[in-house]
Every structure is written in C-alpha cells, then in structure tokens.
Amino acid sequence: MVRIGKPVRLAVIIAWLLVVPAGFVWLWYTREPLDSVSLSVLFTATLLAMAAVYFPVSRNGIPLSLVGWLTLPAFFLGGIFAEAAMMQIAVLAAIPGNKKSPDPLHRFFFNSLMFFVLSVVSGAAFYAAGGVTKGIGFTELVLPAAVYLTVHTFGNIGFIHLYQKLIGNPYPFRIRLIRQDLMAALVVFPYALSAYYLYLSIGAASLPILAIPFFSFILLMRLYDTTERVNEMLAQAAELGHGMSGKLTQPEVLDLFVRKIPELVPVDFLNIYDIRNGRVEPLKLMENGEMLVNITRSKGEDTGIGSMVYHSRKGRLFGSREEWEVFSDGSVHPDAESLIGVHIVRNKTVEGVLTVKSKRPYAYEEHHLRVLELLGSYLAVALEKSRHVQKTVRESERCALTGLYNYRYMETALHRYVDQVKRRESETLSCVMLDIDHFKKINDIHGHQGGNAVLAEFARLLQERSDPSWTVSRYGGEEFVILMPGVSKEKAITFSEAFRREVEDHAFTVDPEGDAGPALIPVTVSIGVAAAPADGDSAMGLIRNADRALYTGAKQVGRNKVAAYTG
C-alpha cells in the first residue's frame, strides 16, 4: 500500500481551493438557462447519479462507476455547469465507500478536483467539435458527444497515471485498468444518448424506464464479480491446502501458510495461536511481511485478541480498530485497523486461532472470513499430518528403548560427515565408540528388565553430556557411537575420559525380577576414539578403527578405559 505524504495531500487541497470554487463561480455566470421542468429532472437524475457512484460496477475487485449515462445527458441539457454540479454532488456519495481508503478525505478532494477539471476540458472539447447543447443531430450532438467522452475517458486515465507517478506508486499502471475504462465508455455512450433522446420524447418518465434496467445490471454485475472473486479465492485456498498437505514438518506447513495467505486476502499482520491446556499462546507471528522470531508469551491472565476469538462461538470480523481495541492486551501493532479472527478446527475441536489484520479500515468482507475459516481447517489437517509424519520418522530413526538414533541413521550420518571432510567442508570428524562393561553379567543378575534400565539411564547421561550438533546413536546391544563433526581427536578423548569417570561414579538403579526392591549397581564403560582423516578416510574404515581402539586399547587391558586409535 502506497503511503501518501503530507506534501502531496496539502498540494491537492490547495489545488482544489484554487480551482473548484473559482471555477464554479465562472461556470455559474456562463451557464445555460434551464426551465423548471429540466431542473426537477436534473435533481432526480442527480440522486440517481449518487446511487450510481455509491453502487459501482466491480470487476476483479476494482470499482467502476458508470455514472456517465446520467451526467452526459445533463451536459446536453444544461452545459458544463449542470454536468459539473451533478458530478460534484455525485462524488459525495463515494465518501461512505471511501472508508476502505487509507485517507478518505484526501481521496474526496482528489476526485472532486479531477472530475471538475475533466468536466471543463471535456465540455470545451465538445464545443470545439461543433457541439450544441439541446441539439439533436449527428454533427451537432452525436459526433461532438463522442469527442467529449473520448477526452473525458483518456483524460481520466492520464490524470490517474500522472498522479500515481507523483506519489511514487511502485506498481505499474496496468493495461487492464485502461481496457476497463474504455469498455465503460463504450457502454455509457449509447446509454447516455438513449437517455437524452428518450427524455426529449417522453420527458421525466424516461428516468425510471432506464434506471430500473441499469441498476438491475449493476446488481447482477456486483453479484457476479463477488462470486467470481470468491471462486478464485476458493481455488487458491484449495491449492494452498494441497500444498500444505505435501509438507512433512510443522515449520514447513506454517511457513508455506504464512507466505501464501497475503495472496488470498489483504494482510499486514498475521497471528497463529496454539491452544495449550485451554490457554491461547502465540505460535507464529508476521508483521509487514516479516516473521517475528522472538515471540513473547503471556504468563498472566489469558487475554488478548487470540483469546477473544477462541472464546467466541464463531469467527469475528471487524472493520476498524475501535471495534476490537477493547479486547486487545496492548500487544497489537498500532497501525492495525481491520481484523478477522477464525478458529483452527479439526474433528470439531478448536486446536488454534488465526487472526489477520490490515492497516486499511474496512478491508475485509464476509467472504474473506469464510475463506479463512476454510483455510483454518486445511491448516489443522496439515499440521496433524505433519505431526504424524514426524512421529513416524522419529520412530524409524530412533531406538525405541533409549531414544537415541539407531544404527541405520548413524550409518547415513557417518557417510555424510566423512564426505564433508573429503570435500574439506569440515576439518575433522571424531568417532567415539562406547561399550558397557560386563553387560551380560548385569542381565544375568538383574534380568533383562534391569539391563534395559541400565541402557536407558546410560543413554540419558550420554545424550545430556553430548553437544546438540553431535549424532548420538545406539550401535547395537550395549554399544553406542558418537559422531562429532568438527571436533578434534584430542577434544574427543577429553570428553570420553570425563564421561567414563561420570559413569563410574554414577549410581544406576534397577528393579530386579522377583520381590526384591530397587538396587543400586556400579557400571563402567570402555571407550575407543578415532578421527578422520588421520585414522581413516572412509566411513567404514573410521568406525572399524574406533572399534579396534575400543577392544584392543580398552577392553583387552582391563576395561573402564579410554583408548585412541594409533594405527
């Protein structure tokens, strides 16, 4: 959205003050005389013109007023003054519709100035082409009227194009807008001539005869445009739902959703809230197209916009800030105006809340609310699917007993890390292999349940002491492997020695089979260390040498030791 600076707004108001009031004074003294009948008809036509401005034809969401079928006959009857006065009064009807504009007062002054200038210039072109007010012939009315409408249409296009450049609008002036203005002119011209000639034939009765089909057409076009836009939004929503269903992780689903939502509805601020134990907590926040990383979560009372929407029976739509600010906890951006809030529902259960906000007041309509409700359902399903996929992936990659990575995952990671060393993306890779001493004896004395308890406790200690960047895995049975990318052999040995001492000092608790209570048993571990590229330039070579160090340097010399591969 283009922000119009104060100098531009001030310049428009000054230009309006200099041109419009003085211009009307001049037009008043040069006006065409009108009888009382014509005045009453023009008054009625002015009311219809206001209705035409208030209910424009909408194509692709762009309002297009066809008020010319009333203002052009007014010009034929009363000249520039009658047409300009009718147009200025009709522009007043656009003020309620301008509530969606970021600056409705500026827009009114701009439209008033533009249409006044166009009235004068187009009228002058009509007279220059040999036109005569109250004329009826081709050369004195029809042809000059075509010149009038041509100048008015292209003047309107040029005026807006120039203005967009002056305010620095980065968006190109679309050819579609020009085409729509030209099509409107082609519709208005024969309708305006028909209105004028019909008035000359039957008088005031011509207005309802033409107004009824005109406004019926407007209504149908508005309904058609709304339906067309909703259908397009639904198609895009379905495409987004399909795209989210193909994502495997929750961050991927949320990132795609947040990135695509602004293509469907006008969004400056987006919030996705998670429902946790009946509380509404922010999950994903976007402001002005940028994701917020540090999300502040409320520690006190469950309040705010998200909570208000969650406790509502259905989605909420607000046109301006003053309508919803009473529900705000102060965390909403001060520029936010329009707001929609919907439930994220799965299996008739509200699992989250989605809110979107726009800086423009009255930016949203009812169909935006319905589409967002649909998208909320898509999001809930996609998130549930991603959770299921991630659970399946974890189960396929992890040891069920210890929670550490399994052999298959470790082997894949080992090949990847070794390749990084070969490509010199990493200087070194240390491989640490650990084996719990006399584990068969533990099983024999305390049973397999006791052995499993030792394995689980050992794995917990190993995971807690390891760096998050390392790959900690259960190699098989009582053997474990740690892959340490970027860690030197010396540092790996230091870590291994510290961990060996911690295991030796740790009291492992087991529940033996039978009636005996919990028992504390001593456990020790033997460790072998090798590092690439010095101790092996292949994945299997590195793991084999770490295993050799474990058995020849630690197990065979008494256990409870750390040994490094020496070649």
# chains A, B, ... in the order shown; residues from 1 in each chain; ligands from 1

$ residues_around --residues "Asn277 of chain A" --least-positions-apart "2" --cutoff "12 Å" --atoms "only C-alpha atoms" --output "VMD selection string"
chain A and resid 274 to 275 279 to 281 302 350 to 352

$ write_last_selection --atoms "all heavy atoms" --output "PDB file, in the first residue's frame"
ATOM      1  N   ASP A 274      -1.707 -21.175  19.304  1.00  0.00           N
ATOM      2  CA  ASP A 274      -1.889 -22.578  19.677  1.00  0.00           C
ATOM      3  C   ASP A 274      -2.702 -22.638  20.972  1.00  0.00           C
ATOM      4  O   ASP A 274      -2.583 -21.756  21.822  1.00  0.00           O
ATOM      5  CB  ASP A 274      -0.521 -23.236  19.878  1.00  0.00           C
ATOM      6  CG  ASP A 274      -0.628 -24.740  19.959  1.00  0.00           C
ATOM      7  OD1 ASP A 274      -1.671 -25.283  19.558  1.00  0.00           O
ATOM      8  OD2 ASP A 274       0.334 -25.377  20.425  1.00  0.00           O
ATOM      9  N   ILE A 275      -3.540 -23.649  21.094  1.00  0.00           N
ATOM     10  CA  ILE A 275      -4.330 -23.834  22.310  1.00  0.00           C
ATOM     11  C   ILE A 275      -3.622 -24.876  23.166  1.00  0.00           C
ATOM     12  O   ILE A 275      -3.511 -26.046  22.780  1.00  0.00           O
ATOM     13  CB  ILE A 275      -5.763 -24.288  22.005  1.00  0.00           C
ATOM     14  CG1 ILE A 275      -6.411 -23.345  20.982  1.00  0.00           C
ATOM     15  CG2 ILE A 275      -6.586 -24.356  23.280  1.00  0.00           C
ATOM     16  CD1 ILE A 275      -6.483 -21.904  21.430  1.00  0.00           C
ATOM     17  N   ARG A 279      -5.310 -22.552  27.203  1.00  0.00           N
ATOM     18  CA  ARG A 279      -4.738 -21.215  27.077  1.00  0.00           C
ATOM     19  C   ARG A 279      -4.356 -20.958  25.625  1.00  0.00           C
ATOM     20  O   ARG A 279      -4.015 -21.873  24.883  1.00  0.00           O
ATOM     21  CB  ARG A 279      -3.498 -21.064  27.962  1.00  0.00           C
ATOM     22  CG  ARG A 279      -3.802 -21.002  29.457  1.00  0.00           C
ATOM     23  CD  ARG A 279      -2.525 -20.787  30.251  1.00  0.00           C
ATOM     24  NE  ARG A 279      -1.798 -19.608  29.803  1.00  0.00           N
ATOM     25  CZ  ARG A 279      -2.067 -18.367  30.195  1.00  0.00           C
ATOM     26  NH1 ARG A 279      -3.073 -18.148  31.031  1.00  0.00           N
ATOM     27  NH2 ARG A 279      -1.350 -17.352  29.757  1.00  0.00           N
ATOM     28  N   VAL A 280      -4.405 -19.679  25.260  1.00  0.00           N
ATOM     29  CA  VAL A 280      -4.087 -19.268  23.896  1.00  0.00           C
ATOM     30  C   VAL A 280      -2.669 -18.709  23.888  1.00  0.00           C
ATOM     31  O   VAL A 280      -2.394 -17.672  24.508  1.00  0.00           O
ATOM     32  CB  VAL A 280      -5.083 -18.199  23.391  1.00  0.00           C
ATOM     33  CG1 VAL A 280      -4.760 -17.801  21.966  1.00  0.00           C
ATOM     34  CG2 VAL A 280      -6.512 -18.728  23.491  1.00  0.00           C
ATOM     35  N   GLU A 281      -1.750 -19.397  23.192  1.00  0.00           N
ATOM     36  CA  GLU A 281      -0.350 -18.990  23.150  1.00  0.00           C
ATOM     37  C   GLU A 281       0.068 -18.723  21.709  1.00  0.00           C
ATOM     38  O   GLU A 281      -0.265 -19.497  20.808  1.00  0.00           O
ATOM     39  CB  GLU A 281       0.546 -20.082  23.737  1.00  0.00           C
ATOM     40  CG  GLU A 281       0.311 -20.365  25.211  1.00  0.00           C
ATOM     41  CD  GLU A 281       0.810 -19.246  26.107  1.00  0.00           C
ATOM     42  OE1 GLU A 281       1.502 -18.332  25.605  1.00  0.00           O
ATOM     43  OE2 GLU A 281       0.501 -19.271  27.312  1.00  0.00           O
ATOM     44  N   ASP A 302      -5.173 -15.023  30.702  1.00  0.00           N
ATOM     45  CA  ASP A 302      -5.355 -15.368  29.287  1.00  0.00           C
ATOM     46  C   ASP A 302      -6.246 -14.310  28.625  1.00  0.00           C
ATOM     47  O   ASP A 302      -7.481 -14.416  28.662  1.00  0.00           O
ATOM     48  CB  ASP A 302      -5.973 -16.762  29.190  1.00  0.00           C
ATOM     49  CG  ASP A 302      -5.971 -17.278  27.757  1.00  0.00           C
ATOM     50  OD1 ASP A 302      -5.257 -16.691  26.927  1.00  0.00           O
ATOM     51  OD2 ASP A 302      -6.684 -18.248  27.483  1.00  0.00           O
ATOM     52  N   VAL A 350     -11.467 -27.086  18.565  1.00  0.00           N
ATOM     53  CA  VAL A 350     -10.660 -25.897  18.260  1.00  0.00           C
ATOM     54  C   VAL A 350      -9.241 -26.145  18.750  1.00  0.00           C
ATOM     55  O   VAL A 350      -8.993 -26.266  19.952  1.00  0.00           O
ATOM     56  CB  VAL A 350     -11.250 -24.633  18.927  1.00  0.00           C
ATOM     57  CG1 VAL A 350     -10.378 -23.426  18.623  1.00  0.00           C
ATOM     58  CG2 VAL A 350     -12.676 -24.403  18.459  1.00  0.00           C
ATOM     59  N   GLU A 351      -8.296 -26.232  17.811  1.00  0.00           N
ATOM     60  CA  GLU A 351      -6.907 -26.506  18.150  1.00  0.00           C
ATOM     61  C   GLU A 351      -6.032 -25.270  18.067  1.00  0.00           C
ATOM     62  O   GLU A 351      -4.868 -25.304  18.456  1.00  0.00           O
ATOM     63  CB  GLU A 351      -6.353 -27.598  17.239  1.00  0.00           C
ATOM     64  CG  GLU A 351      -7.089 -28.915  17.380  1.00  0.00           C
ATOM     65  CD  GLU A 351      -6.377 -30.044  16.664  1.00  0.00           C
ATOM     66  OE1 GLU A 351      -5.474 -29.743  15.858  1.00  0.00           O
ATOM     67  OE2 GLU A 351      -6.701 -31.213  16.924  1.00  0.00           O
ATOM     68  N   GLY A 352      -6.571 -24.181  17.527  1.00  0.00           N
ATOM     69  CA  GLY A 352      -5.791 -22.961  17.412  1.00  0.00           C
ATOM     70  C   GLY A 352      -6.660 -21.820  16.952  1.00  0.00           C
ATOM     71  O   GLY A 352      -7.871 -21.964  16.737  1.00  0.00           O
TER      72      GLY A 352
END

$ residues_around --residues "segment 354-369 of chain A" --least-positions-apart "5" --cutoff "8 Å" --atoms "only C-alpha atoms" --output "PyMOL selection string"
chain A and resi 99-102+230+265-273+306+315-321+335-344+376

$ select_by_dssp --residues "segment 189-375 of chain A" --states "helix (DSSP H, G or I)" --output "ChimeraX atom specification"
/A:189-245,250-263,305-310,321-327,366-375

$ residues_around --residues "Phe189 of chain A" --least-positions-apart "2" --cutoff "9 Å" --atoms "only C-alpha atoms" --output "number ranges by chain"
A: 68-69, 72, 145-146, 149, 184-187, 191-194

$ residues_around --residues "segment 255-257 of chain A" --least-positions-apart "4" --cutoff "10 Å" --atoms "only C-alpha atoms" --output "mmCIF file with N, CA and C atoms, in the first residue's frame"
data_model
loop_
_atom_site.group_PDB
_atom_site.id
_atom_site.type_symbol
_atom_site.label_atom_id
_atom_site.label_comp_id
_atom_site.auth_asym_id
_atom_site.auth_seq_id
_atom_site.Cartn_x
_atom_site.Cartn_y
_atom_site.Cartn_z
ATOM 1 N N LEU A 240 -3.580 -24.083 -1.881
ATOM 2 C CA LEU A 240 -2.753 -23.937 -0.688
ATOM 3 C C LEU A 240 -2.911 -25.143 0.234
ATOM 4 N N GLY A 241 -4.157 -25.615 0.396
ATOM 5 C CA GLY A 241 -4.386 -26.797 1.219
ATOM 6 C C GLY A 241 -3.641 -28.005 0.696
ATOM 7 N N GLY A 243 -0.930 -27.871 -1.149
ATOM 8 C CA GLY A 243 0.492 -27.635 -0.931
ATOM 9 C C GLY A 243 0.912 -27.928 0.499
ATOM 10 N N MET A 244 0.070 -27.541 1.469
ATOM 11 C CA MET A 244 0.400 -27.795 2.875
ATOM 12 C C MET A 244 0.402 -29.281 3.183
ATOM 13 N N LYS A 247 3.740 -30.987 2.820
ATOM 14 C CA LYS A 247 4.857 -30.650 3.704
ATOM 15 C C LYS A 247 4.948 -31.655 4.843
ATOM 16 N N GLN A 250 6.086 -29.366 10.777
ATOM 17 C CA GLN A 250 5.243 -28.251 11.189
ATOM 18 C C GLN A 250 5.804 -26.910 10.736
ATOM 19 N N PRO A 251 7.111 -26.634 10.865
ATOM 20 C CA PRO A 251 7.633 -25.351 10.360
ATOM 21 C C PRO A 251 7.399 -25.160 8.869
ATOM 22 N N ILE A 261 -0.882 -16.737 2.397
ATOM 23 C CA ILE A 261 -2.103 -16.061 2.828
ATOM 24 C C ILE A 261 -2.247 -14.659 2.219
ATOM 25 N N PRO A 262 -1.173 -13.833 2.175
ATOM 26 C CA PRO A 262 -1.329 -12.486 1.590
ATOM 27 C C PRO A 262 -1.746 -12.490 0.125
ATOM 28 N N LYS A 284 2.962 -18.411 15.754
ATOM 29 C CA LYS A 284 3.627 -17.832 14.578
ATOM 30 C C LYS A 284 3.108 -16.414 14.387
ATOM 31 N N MET A 291 8.627 -12.359 9.400
ATOM 32 C CA MET A 291 8.320 -13.238 10.508
ATOM 33 C C MET A 291 9.044 -12.760 11.757
ATOM 34 N N LEU A 375 -9.494 -22.220 5.320
ATOM 35 C CA LEU A 375 -8.046 -22.386 5.394
ATOM 36 C C LEU A 375 -7.612 -22.838 6.783
ATOM 37 N N GLY A 376 -8.342 -22.388 7.817
ATOM 38 C CA GLY A 376 -8.040 -22.848 9.161
ATOM 39 C C GLY A 376 -8.201 -24.352 9.292
ATOM 40 N N TYR A 378 -7.943 -26.504 6.729
ATOM 41 C CA TYR A 378 -6.831 -27.078 5.964
ATOM 42 C C TYR A 378 -5.556 -27.089 6.807
ATOM 43 N N LEU A 379 -5.307 -25.971 7.513
ATOM 44 C CA LEU A 379 -4.095 -25.858 8.320
ATOM 45 C C LEU A 379 -4.090 -26.897 9.436
#

$ residues_around --residues "segment 550-560 of chain A" --least-positions-apart "5" --cutoff "7 Å" --atoms "only C-alpha atoms" --output "JSON, numbers by chain"
{"A": [433, 437, 524, 525, 526, 527, 528]}

$ closest_atom_pairs --of "segment 325-407 of chain A" --to "segment 464-487 of chain A" --cutoff "10 Å" --atoms "only C-alpha atoms" --output "tab-separated table"
residue	atom	partner	partner_atom	distance
A:Glu397	CA	A:Ser473	CA	9.7
A:Arg398	CA	A:Ser473	CA	8.1
A:Cys399	CA	A:Arg474	CA	7.0
A:Leu401	CA	A:Arg474	CA	9.7
A:Thr402	CA	A:Arg474	CA	7.7
A:Gly403	CA	A:Ser473	CA	8.7
A:Leu404	CA	A:Ser473	CA	5.0
A:Tyr405	CA	A:Ser473	CA	4.3
A:Asn406	CA	A:Arg474	CA	5.4
A:Tyr407	CA	A:Tyr475	CA	5.2

$ write_last_selection --atoms "N, CA and C atoms" --output "compact mmCIF listing (two decimals), in the first residue's frame"
# COMPACT_ATOMS: atom_id res chain seq x y z
N GLU A 397 13.89 -43.64 12.93
CA GLU A 397 15.28 -43.20 13.10
C GLU A 397 15.81 -43.46 14.49
N ARG A 398 14.93 -43.68 15.45
CA ARG A 398 15.33 -43.75 16.85
C ARG A 398 15.20 -45.16 17.43
N CYS A 399 16.02 -45.42 18.40
CA CYS A 399 15.91 -46.66 19.18
C CYS A 399 14.75 -46.49 20.16
N LEU A 401 14.01 -48.04 22.88
CA LEU A 401 14.35 -48.13 24.29
C LEU A 401 15.08 -46.88 24.79
N THR A 402 16.11 -46.44 24.07
CA THR A 402 16.98 -45.36 24.56
C THR A 402 16.60 -43.98 24.03
N GLY A 403 15.87 -43.93 22.92
CA GLY A 403 15.55 -42.65 22.30
C GLY A 403 16.67 -42.08 21.47
N LEU A 404 17.82 -42.77 21.43
CA LEU A 404 18.94 -42.32 20.60
C LEU A 404 18.72 -42.76 19.15
N TYR A 405 19.52 -42.17 18.24
CA TYR A 405 19.44 -42.59 16.85
C TYR A 405 19.83 -44.06 16.75
N ASN A 406 19.23 -44.76 15.76
CA ASN A 406 19.56 -46.17 15.55
C ASN A 406 20.74 -46.32 14.58
N TYR A 407 21.12 -47.57 14.36
CA TYR A 407 22.29 -47.85 13.52
C TYR A 407 22.12 -47.31 12.10

$ closest_residue --among "A:Asn288, A:Gly203, A:Phe109, A:Ala52" --to "Leu219 of chain A" --atoms "only C-alpha atoms"
A:Ala52

$ select_by_dssp --residues "segment 363-555 of chain A" --states "strand (DSSP E or B)" --output "PyMOL selection string"
chain A and resi 398+405+429-436+471-476+479-485+508-510+519-521+525-532

$ write_last_selection --atoms "C-alpha atoms" --output "short mmCIF file (atom, residue, chain, number, x, y, z; two decimals), in the first residue's frame"
data_model
loop_
_atom_site.label_atom_id
_atom_site.label_comp_id
_atom_site.auth_asym_id
_atom_site.auth_seq_id
_atom_site.Cartn_x
_atom_site.Cartn_y
_atom_site.Cartn_z
CA ARG A 398 15.33 -43.75 16.85
CA TYR A 405 19.44 -42.59 16.85
CA LEU A 429 35.37 -35.90 12.29
CA SER A 430 35.82 -37.74 15.57
CA CYS A 431 34.13 -41.08 16.13
CA VAL A 432 33.68 -42.33 19.71
CA MET A 433 32.55 -45.91 20.34
CA LEU A 434 31.37 -46.90 23.81
CA ASP A 435 30.70 -50.37 25.27
CA ILE A 436 29.20 -51.00 28.73
CA THR A 471 24.97 -37.62 16.40
CA VAL A 472 24.48 -39.90 19.40
CA SER A 473 23.31 -43.41 18.49
CA ARG A 474 22.88 -46.92 19.80
CA TYR A 475 25.14 -49.08 17.68
CA GLY A 476 23.68 -52.35 18.87
CA GLU A 479 27.40 -50.47 22.24
CA PHE A 480 26.97 -46.78 21.44
CA VAL A 481 28.55 -44.40 18.91
CA ILE A 482 29.01 -40.64 18.96
CA LEU A 483 29.87 -38.79 15.74
CA MET A 484 31.47 -35.40 16.43
CA PRO A 485 31.80 -33.29 13.23
CA PHE A 508 22.47 -46.89 38.32
CA THR A 509 19.13 -48.02 39.70
CA VAL A 510 17.48 -51.28 38.62
CA ALA A 519 19.03 -51.92 43.68
CA LEU A 520 21.96 -49.57 43.06
CA ILE A 521 24.64 -51.17 40.90
CA VAL A 525 32.30 -48.20 30.22
CA SER A 526 35.16 -48.79 27.80
CA ILE A 527 35.66 -46.24 25.02
CA GLY A 528 37.57 -46.16 21.73
CA VAL A 529 38.29 -42.99 19.73
CA ALA A 530 39.28 -42.48 16.10
CA ALA A 531 39.21 -39.43 13.87
CA ALA A 532 39.08 -38.72 10.15
#

$ closest_residue --among "A:Ala549, A:Val25, A:Leu182, A:Leu166" --to "Val8 of chain A" --atoms "only C-alpha atoms"
A:Leu166

$ residues_around --residues "Gly330 of chain A" --least-positions-apart "5" --cutoff "10 Å" --atoms "only C-alpha atoms" --output "PyMOL selection string"
chain A and resi 304-305+325
